[in-house]
Each structure stands twice: as C-alpha cells, then as structure tokens.
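Participant: Provided herewith: work.pdb, PDB, C-alpha atoms (C1' of nucleotides).
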```
ATOM      1  CA  MET A 123     -15.320  18.360 -16.042
ATOM      2  CA  SER A 124     -16.579  19.579 -12.712
ATOM      3  CA  LYS A 125     -14.283  20.461  -9.884
ATOM      4  CA  GLN A 126     -14.031  17.660  -7.389
ATOM      5  CA  GLU A 127     -14.597  19.135  -3.957
ATOM      6  CA  ASP A 128     -15.669  16.028  -2.111
ATOM      7  CA  THR A 129     -13.409  14.190   0.266
ATOM      8  CA  ASN A 130     -11.489  11.307  -1.242
ATOM      9  CA  TYR A 131     -11.205   8.010   0.564
ATOM     10  CA  TRP A 132      -8.187   5.743   0.876
ATOM     11  CA  LEU A 133      -6.893   2.608   2.476
ATOM     12  CA  MET A 134      -3.324   2.575   3.786
ATOM     13  CA  LYS A 135      -1.558  -0.507   5.047
ATOM     14  CA  SER A 136       0.839  -0.829   7.898
ATOM     15  CA  GLU A 137       2.211  -3.849   9.669
ATOM     16  CA  PRO A 138       1.128  -3.416  13.288
ATOM     17  CA  ASP A 139       4.424  -4.889  14.493
ATOM     18  CA  VAL A 140       6.115  -1.942  12.795
ATOM     19  CA  PHE A 141       3.537   0.836  13.217
ATOM     20  CA  SER A 142       0.010   0.133  14.436
ATOM     21  CA  PHE A 143      -3.127   2.240  14.649
ATOM     22  CA  GLU A 144      -2.517   2.413  18.404
ATOM     23  CA  ASP A 145       0.898   3.880  17.623
ATOM     24  CA  LEU A 146      -0.808   6.513  15.473
ATOM     25  CA  MET A 147      -3.239   7.315  18.298
ATOM     26  CA  ALA A 148      -0.308   7.891  20.621
ATOM     27  CA  LYS A 149       1.774   9.836  18.108
ATOM     28  CA  LYS A 150      -1.167  11.737  16.533
ATOM     29  CA  THR A 151       0.642  12.367  13.235
ATOM     30  CA  THR A 152       3.202  10.399  11.268
ATOM     31  CA  PHE A 153       5.014  10.900   7.969
ATOM     32  CA  TRP A 154       4.099   7.986   5.709
ATOM     33  CA  ASP A 155       7.625   7.419   4.430
ATOM     34  CA  GLY A 156       9.131   4.275   2.980
ATOM     35  CA  VAL A 157       6.612   3.724   0.182
ATOM     36  CA  ARG A 158       8.594   2.461  -2.839
ATOM     37  CA  ASN A 159       5.843   1.652  -5.266
ATOM     38  CA  TYR A 160       4.980   4.096  -8.042
ATOM     39  CA  MET A 161       1.249   3.607  -7.988
ATOM     40  CA  ALA A 162       1.119   4.143  -4.252
ATOM     41  CA  ARG A 163       3.395   7.178  -4.562
ATOM     42  CA  ASN A 164       1.278   8.677  -7.306
ATOM     43  CA  TYR A 165      -1.846   8.449  -5.191
ATOM     44  CA  MET A 166      -0.050  10.296  -2.394
ATOM     45  CA  MET A 167       1.582  12.815  -4.722
ATOM     46  CA  ARG A 168      -1.257  13.633  -7.076
ATOM     47  CA  ASP A 169      -4.552  12.673  -5.612
ATOM     48  CA  MET A 170      -4.518  13.026  -1.846
ATOM     49  CA  LYS A 171      -5.790  16.229  -0.291
ATOM     50  CA  VAL A 172      -5.667  17.449   3.278
ATOM     51  CA  GLY A 173      -8.822  16.210   4.965
ATOM     52  CA  ASP A 174      -9.174  13.004   2.958
ATOM     53  CA  LEU A 175     -10.176  10.035   5.096
ATOM     54  CA  VAL A 176      -8.182   6.823   5.406
ATOM     55  CA  LEU A 177      -9.001   3.300   6.446
ATOM     56  CA  PHE A 178      -5.957   2.329   8.494
ATOM     57  CA  TYR A 179      -5.306  -1.309   7.626
ATOM     58  CA  HIS A 180      -3.213  -3.768   9.586
ATOM     59  CA  SER A 181      -1.410  -6.133   7.210
ATOM     60  CA  ASN A 182       0.534  -9.245   8.143
ATOM     61  CA  ALA A 183      -1.500  -9.248  11.334
ATOM     62  CA  LYS A 184      -3.532 -11.715  13.345
ATOM     63  CA  PRO A 185      -6.030 -11.023  12.022
ATOM     64  CA  SER A 186      -5.462  -8.508   9.249
ATOM     65  CA  GLY A 187      -8.112  -5.833   8.819
ATOM     66  CA  ILE A 188      -9.220  -2.249   9.293
ATOM     67  CA  ALA A 189      -8.147  -0.952  12.669
ATOM     68  CA  GLY A 190      -9.258   2.675  12.611
ATOM     69  CA  ILE A 191      -9.764   5.894  10.694
ATOM     70  CA  ALA A 192      -7.019   8.369   9.880
ATOM     71  CA  THR A 193      -6.921  11.587   7.890
ATOM     72  CA  ILE A 194      -4.458  13.130   5.469
ATOM     73  CA  SER A 195      -2.867  16.135   7.157
ATOM     74  CA  SER A 196      -0.337  17.421   4.616
ATOM     75  CA  GLU A 197       0.367  17.585   0.922
ATOM     76  CA  ALA A 198       3.034  15.199  -0.346
ATOM     77  CA  ARG A 199       6.659  16.218   0.140
ATOM     78  CA  PRO A 200       9.949  14.444  -0.666
ATOM     79  CA  ASP A 201      10.641  11.338   1.384
ATOM     80  CA  ALA A 202      14.047  12.093   2.887
ATOM     81  CA  SER A 203      14.585   8.470   3.919
ATOM     82  CA  SER A 204      15.262   7.776   0.227
ATOM     83  CA  PHE A 205      18.426   9.957   0.436
ATOM     84  CA  ASP A 206      19.682   8.385   3.640
ATOM     85  CA  LYS A 207      22.277   5.681   3.071
ATOM     86  CA  ASN A 208      21.643   4.308   6.515
ATOM     87  CA  SER A 209      17.921   3.949   5.973
ATOM     88  CA  ASP A 210      16.290   0.678   4.987
ATOM     89  CA  TYR A 211      14.415   2.765   2.437
ATOM     90  CA  TYR A 212      17.522   4.245   0.767
ATOM     91  CA  ASP A 213      17.310   4.538  -3.014
ATOM     92  CA  GLN A 214      20.463   5.736  -4.774
ATOM     93  CA  LYS A 215      18.411   7.018  -7.694
ATOM     94  CA  SER A 216      16.628   9.490  -5.437
ATOM     95  CA  THR A 217      18.451  12.708  -4.516
ATOM     96  CA  PRO A 218      17.452  15.935  -2.731
ATOM     97  CA  ASP A 219      17.675  17.720  -6.109
ATOM     98  CA  LYS A 220      15.626  15.096  -7.872
ATOM     99  CA  PRO A 221      13.591  13.229  -5.308
ATOM    100  CA  ARG A 222      11.939  10.119  -6.626
ATOM    101  CA  TRP A 223       9.771   9.311  -3.598
ATOM    102  CA  PHE A 224       7.169  11.408  -1.818
ATOM    103  CA  ALA A 225       4.860  10.938   1.132
ATOM    104  CA  VAL A 226       2.126  12.681   3.089
ATOM    105  CA  ASP A 227       1.429  13.188   6.769
ATOM    106  CA  VAL A 228      -1.226  10.913   8.210
ATOM    107  CA  SER A 229      -3.029  11.839  11.433
ATOM    108  CA  PHE A 230      -5.249  10.022  13.870
ATOM    109  CA  TYR A 231      -8.910  10.808  13.154
ATOM    110  CA  ARG A 232     -11.121   8.441  15.150
ATOM    111  CA  THR A 233     -11.385   4.936  16.490
ATOM    112  CA  LEU A 234     -13.900   2.401  15.195
ATOM    113  CA  PRO A 235     -16.569   0.691  17.317
ATOM    114  CA  SER A 236     -14.966  -2.582  16.275
ATOM    115  CA  PHE A 237     -12.160  -3.966  14.144
ATOM    116  CA  VAL A 238     -13.284  -5.037  10.654
ATOM    117  CA  SER A 239     -11.319  -8.112   9.605
ATOM    118  CA  LEU A 240     -10.233  -8.932   6.065
ATOM    119  CA  ASP A 241     -12.414 -12.011   6.385
ATOM    120  CA  GLN A 242     -15.505  -9.878   7.038
ATOM    121  CA  VAL A 243     -14.638  -7.663   4.070
ATOM    122  CA  LYS A 244     -14.345 -10.729   1.840
ATOM    123  CA  LYS A 245     -17.717 -12.002   2.981
ATOM    124  CA  ASN A 246     -19.511  -8.759   2.106
ATOM    125  CA  LYS A 247     -20.681  -9.128  -1.491
ATOM    126  CA  LYS A 248     -21.003  -5.366  -1.850
ATOM    127  CA  LEU A 249     -17.250  -5.041  -1.316
ATOM    128  CA  LYS A 250     -16.197  -7.494  -4.016
ATOM    129  CA  LYS A 251     -14.650  -4.710  -6.094
ATOM    130  CA  MET A 252     -12.486  -3.239  -3.359
ATOM    131  CA  VAL A 253      -8.888  -2.816  -4.488
ATOM    132  CA  LEU A 254      -7.917  -4.566  -1.272
ATOM    133  CA  LEU A 255      -9.416  -7.791  -2.615
ATOM    134  CA  ASN A 256      -8.212  -7.409  -6.192
ATOM    135  CA  ASN A 257      -4.734  -5.942  -5.910
ATOM    136  CA  SER A 258      -3.741  -7.146  -2.525
ATOM    137  CA  ARG A 259      -0.143  -5.950  -2.773
ATOM    138  CA  LEU A 260      -0.852  -2.243  -3.186
ATOM    139  CA  SER A 261      -0.154  -0.488   0.109
ATOM    140  CA  VAL A 262      -1.887   2.819  -0.650
ATOM    141  CA  GLN A 263      -5.138   2.454  -2.511
ATOM    142  CA  PRO A 264      -8.325   4.359  -3.320
ATOM    143  CA  VAL A 265     -11.638   3.414  -1.717
ATOM    144  CA  THR A 266     -15.037   4.632  -2.938
ATOM    145  CA  LYS A 267     -17.297   6.582  -0.590
ATOM    146  CA  ASN A 268     -19.729   3.711  -0.775
ATOM    147  CA  GLU A 269     -17.056   1.204   0.257
ATOM    148  CA  PHE A 270     -15.908   3.488   3.047
ATOM    149  CA  ASP A 271     -19.452   3.844   4.370
ATOM    150  CA  LEU A 272     -20.042   0.092   4.198
ATOM    151  CA  ILE A 273     -16.917  -0.560   6.244
ATOM    152  CA  LEU A 274     -18.094   1.951   8.861
ATOM    153  CA  GLU A 275     -21.486   0.255   8.906
ATOM    154  CA  MET A 276     -19.883  -3.153   9.392
ATOM    155  CA  SER A 277     -17.861  -1.723  12.228
ATOM    156  CA  GLN A 278     -21.015  -0.415  13.970
ATOM    157  CA  LEU A 279     -22.743  -3.777  13.563
ATOM    158  CA  GLY A 280     -19.760  -5.629  14.919
ATOM    159  CA  GLY A 281     -19.353  -3.149  17.757
ATOM    160  CA  THR A 282     -19.564  -3.946  21.434
TER     161      THR A 282
ATOM    162  C1'  DG B 729       7.460 -20.772   6.912
ATOM    163  C1'  DC B 730       5.305 -21.383   2.443
ATOM    164  C1'  DC B 731       4.127 -19.673  -1.715
ATOM    165  C1'  DA B 732       0.965 -17.070  -5.107
ATOM    166  C1'  DA B 733       0.649 -12.739  -7.066
ATOM    167  C1'  DC B 734       2.700  -9.113  -8.994
ATOM    168  C1'  DG B 735       5.934  -5.027  -9.485
ATOM    169  C1'  DT B 736      10.685  -4.160 -10.978
ATOM    170  C1'  DT B 737      15.030  -4.950 -13.225
ATOM    171  C1'  DG B 738      17.998  -5.834 -16.798
ATOM    172  C1'  DG B 739      19.570  -8.489 -20.903
ATOM    173  C1'  DC B 740      18.716  -8.671 -25.467
TER     174       DC B 740
ATOM    175  C1'  DG C1457      10.065  -2.672 -25.909
ATOM    176  C1'  DC C1458       9.681  -7.551 -24.621
ATOM    177  C1'  DC C1459       9.836 -10.733 -21.181
ATOM    178  C1'  DA C1460      12.336 -13.955 -17.934
ATOM    179  C1'  DA C1461      14.256 -13.768 -13.567
ATOM    180  C1'  DC C1462      14.118 -11.909  -9.312
ATOM    181  C1'  DG C1463      12.494  -9.789  -5.026
ATOM    182  C1'  DT C1464       8.752  -8.448  -2.074
ATOM    183  C1'  DT C1465       4.139  -8.400  -0.126
ATOM    184  C1'  DG C1466       1.010 -10.373   2.558
ATOM    185  C1'  DG C1467      -2.514 -14.126   3.428
ATOM    186  C1'  DC C1468      -2.671 -18.438   5.267
TER     187       DC C1468
END
```
Show how you would write the structure in this file as structure tokens.
Facilitator:
Amino acid sequence: MSKQEDTNYWLMKSEPDVFSFEDLMAKKTTFWDGVRNYMARNYMMRDMKVGDLVLFYHSNAKPSGIAGIATISSEARPDASSFDKNSDYYDQKSTPDKPRWFAVDVSFYRTLPSFVSLDQVKKNKKLKKMVLLNNSRLSVQPVTKNEFDLILEMSQLGGT
DNA sequence: GCCAACGTTGGC
DNA sequence: GCCAACGTTGGC
C-alpha cells in the first residue's frame, strides 16, 4: 500500500437559509458542527486532511447545487454542541469524556465562475456515479478528483 | 407541503 | 441480530 499524499475531495451540504457559501466567504472559517450521521462523521474524523478541497453544496435551495469551493482547515475535534443541553444538536449519549460526534473546520477557498445546479450534475453522464446522485441523504461525502475537475469545468463553461 | 429514500431505534 | 416503525433529509 502506498502512502496517499494527494489531496482528497469532498462535497459538504448546507442549507443556504441556515449557512450559505456567502456566509462562509464573510466568516472565512466555520466549525462544521451538528453532523449526526456516522458515515459523515467518519469521513470527517478519519479521512479528511488539512488542505483537502470541498464542493460547498446548497441543499433545500432554489435551486440546489454547488455554490463554491472550500477547504478543510483543521483535523476533526469533538463537537461540543453534542454536550450542550440547549443546543438543537444535543445528544445525551455524547459526553466531554466520551464524545460521540466530531467535526472539522471548513474555510473559504475560492468562488466559482458560475453556480453548478443539481440539474446540470444530473445531466452530465460522466457524473452518474457521484454519491450526490446515489445517496442523496449523506451530508458529507467523498468526490473523486475526476468528478471534482468535471464540476469545475462545468462551472467555467457556465460562467459569465 | 408532499413524500420517497434511508438511517436509526428498540422490541423481540 | 432481525426488522418494523419512526424520524429526517432533501428534491420537487
């Protein structure tokens, strides 16, 4: 097994009404807390590295799609909102001694020439295998370099 | 606002 | 450890 030194690529979903790519641009860095799905957590905890690139996806939006590029800016650390009884994300099975949920920092990286809608992604036959289209409920998901590059290409073509 | 898809919970 | 019931996500 060879050591993987290449950047990994991801797609992370956020509802723009709650936290949009524009919000990330303004804030620069945000802690990606509130994820309560084990697969999504495991990607953040085990597989993400500082410098990985992220397609920032707007879900439940009009339209939904890829709004910009972000980058992973910290290793995973315990998600303190899971200990906070007043948080919407409180989980009584998670404690500071034995945290169940973890998250990473996500930072603004760059804007895209144009928004790439879910509809455009669906129409691109080369993107048929994207997790986005096959496990639509996963909020943190891996993307291949090829898929990432194709999205960027689509964004250039759609650009103004 | 509806509802399909799917992850999680809990009874057995 | 199975699986039905339930709750949530997210497109439309």
Participant: Take the PyMOL selection byres ((chain B) within 10 of (chain A)), run it mentally on this structure, and tell me the resulting residues as a list in words.
Facilitator: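 Selection result, ordered by chain and number: DA733, DC734, DG735 and DT736 of chain B.
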Participant: Which distance in Å separates atom CA of Gly187 of chain A and atom CA of Thr152 of chain A, to one decimal?
Facilitator: 19.9 Å
Participant: Could you state the separation of atom CA of Lys135 of chain A and atom CA of Gly280 of chain A in Å, given to one decimal place?
Facilitator: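 Separation between atom CA of Lys135 of chain A and atom CA of Gly280 of chain A: 21.3 Å.
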Participant: Quote the spacing between atom CA of Lys247 of chain A and atom CA of Leu177 of chain A in Å to one decimal place.
Facilitator: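 Calculated distance between atom CA of Lys247 of chain A and atom CA of Leu177 of chain A is 18.8 Å.
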Participant: Measuring atom to atom with all atoms listed in the file, identify which of A:Met252, A:Ala148, A:Val226, A:Val140 is nearest to Met166 of chain A.
Facilitator: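 Among A:Met252, A:Ala148, A:Val226, A:Val140, it is A:Val226 that comes nearest to Met166 of chain A.
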Participant: Mind listing whatever residues come within 9 Å of the point (-12.0, 4.0, 9.6)? Use all atoms listed in the file, file coordinates, and give them as a ChimeraX atom specification.
Facilitator: /A:133,175-179,188-192,231-234,270,273-274,277
Participant: What does the PyMOL selection byres ((chain A and resi 215-219) around 9) select in this file, as a list in words?
Facilitator: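 When the PyMOL selection byres ((chain A and resi 215-219) around 9) is applied to the shown file, the picked residues are Pro200, Ala202, Ser204, Phe205, Tyr212, Asp213, Gln214, Lys220, Pro221, Arg222 and Trp223 of chain A.
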Participant: Using the chain letters and numbers from the file, give me the residues hit by the PyMOL selection byres ((chain B and resi 740) around 10), as a PyMOL selection string.
Facilitator: (chain B and resi 738-739) or (chain C and resi 1458)
Participant: So, counting all atoms listed in the file, which residue among A:Leu254, A:Val243, A:Val238, A:Ile194 is closest to Trp154 of chain A?
Facilitator: A:Ile194
Participant: Please produce segment 232-255 of chain A, completed to N, CA, C and O atoms, as a tab-separated table (two decimals), keeping the file's coordinate frame.
Facilitator:
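Contents of rebuild_36.tsv, as written:
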```tsv
chain	number	residue	atom	x	y	z
A	232	ARG	N	-10.22	9.01	14.14
A	232	ARG	CA	-11.12	8.44	15.15
A	232	ARG	C	-10.95	6.92	15.23
A	232	ARG	O	-10.44	6.30	14.30
A	233	THR	N	-11.39	6.39	16.34
A	233	THR	CA	-11.38	4.94	16.49
A	233	THR	C	-12.66	4.38	15.86
A	233	THR	O	-13.59	5.12	15.54
A	234	LEU	N	-12.70	3.08	15.69
A	234	LEU	CA	-13.90	2.40	15.20
A	234	LEU	C	-14.56	1.66	16.36
A	234	LEU	O	-13.86	1.22	17.28
A	235	PRO	N	-15.89	1.48	16.29
A	235	PRO	CA	-16.57	0.69	17.32
A	235	PRO	C	-16.00	-0.72	17.41
A	235	PRO	O	-15.92	-1.29	18.49
A	236	SER	N	-15.61	-1.27	16.24
A	236	SER	CA	-14.97	-2.58	16.27
A	236	SER	C	-14.08	-2.75	15.06
A	236	SER	O	-14.29	-2.11	14.03
A	237	PHE	N	-13.08	-3.59	15.22
A	237	PHE	CA	-12.16	-3.97	14.14
A	237	PHE	C	-12.96	-4.66	13.04
A	237	PHE	O	-13.86	-5.45	13.31
A	238	VAL	N	-12.64	-4.35	11.78
A	238	VAL	CA	-13.28	-5.04	10.65
A	238	VAL	C	-12.22	-5.90	9.97
A	238	VAL	O	-11.30	-5.38	9.34
A	239	SER	N	-12.35	-7.21	10.11
A	239	SER	CA	-11.32	-8.11	9.60
A	239	SER	C	-11.40	-8.27	8.09
A	239	SER	O	-12.46	-8.07	7.48
A	240	LEU	N	-10.27	-8.64	7.50
A	240	LEU	CA	-10.23	-8.93	6.06
A	240	LEU	C	-11.28	-9.99	5.72
A	240	LEU	O	-11.94	-9.91	4.68
A	241	ASP	N	-11.43	-10.95	6.60
A	241	ASP	CA	-12.41	-12.01	6.38
A	241	ASP	C	-13.83	-11.45	6.26
A	241	ASP	O	-14.59	-11.85	5.38
A	242	GLN	N	-14.18	-10.51	7.12
A	242	GLN	CA	-15.50	-9.88	7.04
A	242	GLN	C	-15.66	-9.11	5.73
A	242	GLN	O	-16.73	-9.13	5.11
A	243	VAL	N	-14.59	-8.42	5.32
A	243	VAL	CA	-14.64	-7.66	4.07
A	243	VAL	C	-14.89	-8.62	2.91
A	243	VAL	O	-15.73	-8.37	2.04
A	244	LYS	N	-14.18	-9.74	2.92
A	244	LYS	CA	-14.34	-10.73	1.84
A	244	LYS	C	-15.76	-11.29	1.79
A	244	LYS	O	-16.26	-11.63	0.71
A	245	LYS	N	-16.38	-11.41	2.93
A	245	LYS	CA	-17.72	-12.00	2.98
A	245	LYS	C	-18.81	-11.05	2.54
A	245	LYS	O	-19.93	-11.48	2.25
A	246	ASN	N	-18.51	-9.75	2.50
A	246	ASN	CA	-19.51	-8.76	2.11
A	246	ASN	C	-19.53	-8.62	0.59
A	246	ASN	O	-18.61	-8.09	-0.02
A	247	LYS	N	-20.61	-9.11	-0.03
A	247	LYS	CA	-20.68	-9.13	-1.49
A	247	LYS	C	-20.60	-7.74	-2.10
A	247	LYS	O	-20.15	-7.57	-3.23
A	248	LYS	N	-21.04	-6.73	-1.33
A	248	LYS	CA	-21.00	-5.37	-1.85
A	248	LYS	C	-19.58	-4.83	-1.93
A	248	LYS	O	-19.34	-3.77	-2.51
A	249	LEU	N	-18.64	-5.53	-1.34
A	249	LEU	CA	-17.25	-5.04	-1.32
A	249	LEU	C	-16.34	-5.83	-2.25
A	249	LEU	O	-15.11	-5.69	-2.20
A	250	LYS	N	-16.96	-6.63	-3.10
A	250	LYS	CA	-16.20	-7.49	-4.02
A	250	LYS	C	-15.18	-6.73	-4.85
A	250	LYS	O	-14.14	-7.26	-5.23
A	251	LYS	N	-15.51	-5.47	-5.18
A	251	LYS	CA	-14.65	-4.71	-6.09
A	251	LYS	C	-13.57	-3.92	-5.38
A	251	LYS	O	-12.78	-3.23	-6.03
A	252	MET	N	-13.53	-4.00	-4.08
A	252	MET	CA	-12.49	-3.24	-3.36
A	252	MET	C	-11.10	-3.60	-3.87
A	252	MET	O	-10.80	-4.77	-4.09
A	253	VAL	N	-10.26	-2.58	-4.03
A	253	VAL	CA	-8.89	-2.82	-4.49
A	253	VAL	C	-8.19	-3.79	-3.54
A	253	VAL	O	-7.41	-4.65	-3.96
A	254	LEU	N	-8.51	-3.67	-2.28
A	254	LEU	CA	-7.92	-4.57	-1.27
A	254	LEU	C	-8.04	-6.04	-1.66
A	254	LEU	O	-7.14	-6.83	-1.42
A	255	LEU	N	-9.17	-6.39	-2.27
A	255	LEU	CA	-9.42	-7.79	-2.62
A	255	LEU	C	-8.91	-8.15	-4.01
A	255	LEU	O	-8.81	-9.32	-4.34
```
